[in-house]
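Undergrad: Have a look at the structure that comes next, please.
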Amino acid sequence: MSRSHVPHDPFGDFPPELPDQLRPYLGALIDDVVEEIQQGIPEYARPDDDMYTRTIRTGAEQALMLLLDRMAKPQGGWETVAATYHHIGRGEANEGRSLDSFQQAMRMGARVAWRRISVLCDEDVLPRTVLVSLGEAMLVHLDEIIEATAAGYAEARLRSAGELQRRRDRLLDLLVADPPASCEAISDLARAAQWTVPRRLAVVLVDSREGEDGGEPERPITPPEVLVRTDRRPVCMVVPDPDGPGRARTVSLALRGQRAVIGPTVGVADGSRSARLAAEALDLAQRGIIPRQDVIRCEDHLSTLLLFRDETLLAVLADQHGEQG
């Protein structure tokens, strides 16, 4: 993580005794920050919730204590801020919260702290000569807090999205496995993958030979309930309740411009059958036996699939017919 660019390091501009002069006022300053945040930001307006109030207070204490520590020891202070707020950002993401309220609280806290410190300067408790440098230091500190929090938040979101996708990939594999997986195994993994188990499903195979220059085909644009794996050939999709309202249109839009085969609609435990028939139909289409079209539905070609299930026997019957002719 790179440090925000500033003309110079404002934390080196303070007299060495200044942090100790500020520390006796820190408790009252934190009280003011917590009160204003709870009054000004609806998400934090929980004065009767002791745990929530302690969380806000801890956040204010960390920000202000780190600020004083940086004033006392300017060298290396940024690394501590980065580590602290990178961790906080990850926590906010893991709790499923937006960063908007947190960042608003940080900015509000900085404004409150600046007003209170200005009053101390007006009362000659602190020398007015430090006011400009202190304001610049607080702005740099705030910017770096927000930067580090956002980085931690983004990292956790990416990790979470990657883990969720891995679970959904494993779930798709389980749904098309032969022999079939147990209902309990499917239900457990579906819960972890945030996927609602449907009554019925269909497997769709996208003809990966249609990709340009043998490259990875474009990922179909699908709603979250449709499972997709593009890291295999052919691309595989599991469509829940394919005969439900609006589902046919959803699938058609997802497959626009791509050649694909839609397997028959089956129960959840029979996903391997839908996948197997879709694969057989795709092979026959690639060989020109099933007429090529953008979207082929297995249910429209069941007799052809049945005839070509045993091609050796079909060849013998064709030879016999030729001899008789």
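Chain lettering (A, B, ...) mirrors the order of the structure tokens, residue numbering begins at 1 for each chain separately, and ligand numbering begins at 1 in order of display.
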Would you kindly return, as a count of residues only, each protein, DNA or RNA residue with an atom no farther than 10 Å from any atom of segment 235-247 of chain A, considering only C-alpha atoms and excluding same-chain residues fewer than 3 positions away?
TA: 50
Undergrad: Show which residues sit within 10 Å of Pro179 of chain A, as a PDB file with N, CA, C and O atoms, in the first residue's frame. Count only C-alpha atoms, and ignore same-chain residues fewer than 4 positions away.
TA:
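Just written: result_26.pdb:
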```pdb
ATOM      1  N   LEU A 174     -21.499 -30.807  -7.897  1.00  0.00           N
ATOM      2  CA  LEU A 174     -22.281 -31.774  -7.122  1.00  0.00           C
ATOM      3  C   LEU A 174     -23.621 -32.057  -7.793  1.00  0.00           C
ATOM      4  O   LEU A 174     -24.089 -33.204  -7.811  1.00  0.00           O
ATOM      5  N   ALA A 269     -32.058 -34.271  -7.932  1.00  0.00           N
ATOM      6  CA  ALA A 269     -31.196 -35.439  -7.797  1.00  0.00           C
ATOM      7  C   ALA A 269     -30.795 -36.034  -9.140  1.00  0.00           C
ATOM      8  O   ALA A 269     -29.939 -36.924  -9.195  1.00  0.00           O
ATOM      9  N   ASP A 270     -31.398 -35.565 -10.237  1.00  0.00           N
ATOM     10  CA  ASP A 270     -31.126 -36.134 -11.560  1.00  0.00           C
ATOM     11  C   ASP A 270     -30.372 -35.177 -12.468  1.00  0.00           C
ATOM     12  O   ASP A 270     -30.460 -35.270 -13.700  1.00  0.00           O
ATOM     13  N   GLY A 271     -29.624 -34.255 -11.880  1.00  0.00           N
ATOM     14  CA  GLY A 271     -28.892 -33.296 -12.690  1.00  0.00           C
ATOM     15  C   GLY A 271     -27.920 -33.953 -13.654  1.00  0.00           C
ATOM     16  O   GLY A 271     -27.703 -33.466 -14.769  1.00  0.00           O
ATOM     17  N   SER A 272     -27.339 -35.100 -13.253  1.00  0.00           N
ATOM     18  CA  SER A 272     -26.391 -35.783 -14.136  1.00  0.00           C
ATOM     19  C   SER A 272     -27.074 -36.253 -15.418  1.00  0.00           C
ATOM     20  O   SER A 272     -26.453 -36.271 -16.488  1.00  0.00           O
ATOM     21  N   ARG A 273     -28.343 -36.623 -15.331  1.00  0.00           N
ATOM     22  CA  ARG A 273     -29.066 -37.070 -16.532  1.00  0.00           C
ATOM     23  C   ARG A 273     -29.266 -35.918 -17.497  1.00  0.00           C
ATOM     24  O   ARG A 273     -29.087 -36.069 -18.710  1.00  0.00           O
TER      25      ARG A 273
END
```
Undergrad: Compare A:Gln104, A:Ser303, A:Gln258, A:Thr80 by their minimum atom-to-atom distance to Tyr44 of chain A, counting only C-alpha atoms, and give me the closest one.
TA: A:Gln104
Undergrad: Smallest atom-to-atom distance to Arg191 of chain A: which of A:Val132, A:Leu164, A:Ala281, A:Ala156, using only C-alpha atoms?
TA: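 With only C-alpha atoms as the atom set, the closest residue is A:Leu164.
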Undergrad: If we count only C-alpha atoms, what is near Ile88 of chain A at a cut-off of 9 Å, once residues fewer than 4 positions away on the same chain are taken out, given as a ChimeraX atom specification?
TA: /A:83-84,92-93,148-149,152-153
Undergrad: Kindly save the residues from that selection, with C-alpha atoms included, as a PDB file, in the first residue's frame.
TA:
```pdb
ATOM      1  CA  ALA A  83      -2.383  -2.029   9.675  1.00  0.00           C
ATOM      2  CA  THR A  84      -5.047  -0.919  12.163  1.00  0.00           C
ATOM      3  CA  GLU A  92     -16.689  -3.942   8.110  1.00  0.00           C
ATOM      4  CA  ALA A  93     -16.818  -5.998   4.901  1.00  0.00           C
ATOM      5  CA  ALA A 148      -6.372   1.980   4.567  1.00  0.00           C
ATOM      6  CA  THR A 149      -9.955   1.124   5.525  1.00  0.00           C
ATOM      7  CA  GLY A 152      -8.984  -3.652   3.695  1.00  0.00           C
ATOM      8  CA  TYR A 153     -12.646  -3.515   2.780  1.00  0.00           C
TER       9      TYR A 153
END
```
Undergrad: Taking into account only C-alpha atoms, which residue in the set A:Gln103, A:Gly40, A:Arg259, A:Glu17 is nearest to Gln286 of chain A?
TA: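 The closest residue to Gln286 of chain A is A:Arg259.
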Undergrad: From the list A:Val34, A:Ile221, A:Leu99, A:Val295, which residue is nearest Arg157 of chain A when using only C-alpha atoms?
TA: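 For Arg157 of chain A, the nearest of the given residues is A:Leu99.
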Undergrad: Neighbours of Pro291 of chain A within 12 Å (only C-alpha atoms; same-chain residues fewer than 2 positions away dropped), as a list in words?
TA: Arg259, Val261, Ala281, Leu282, Asp283, Leu284, Ala285, Gln286, Arg287, Gly288, Ile289, Gln293, Asp294, Val295, Ile296, Arg297, Asp300, His301 and Thr304 of chain A
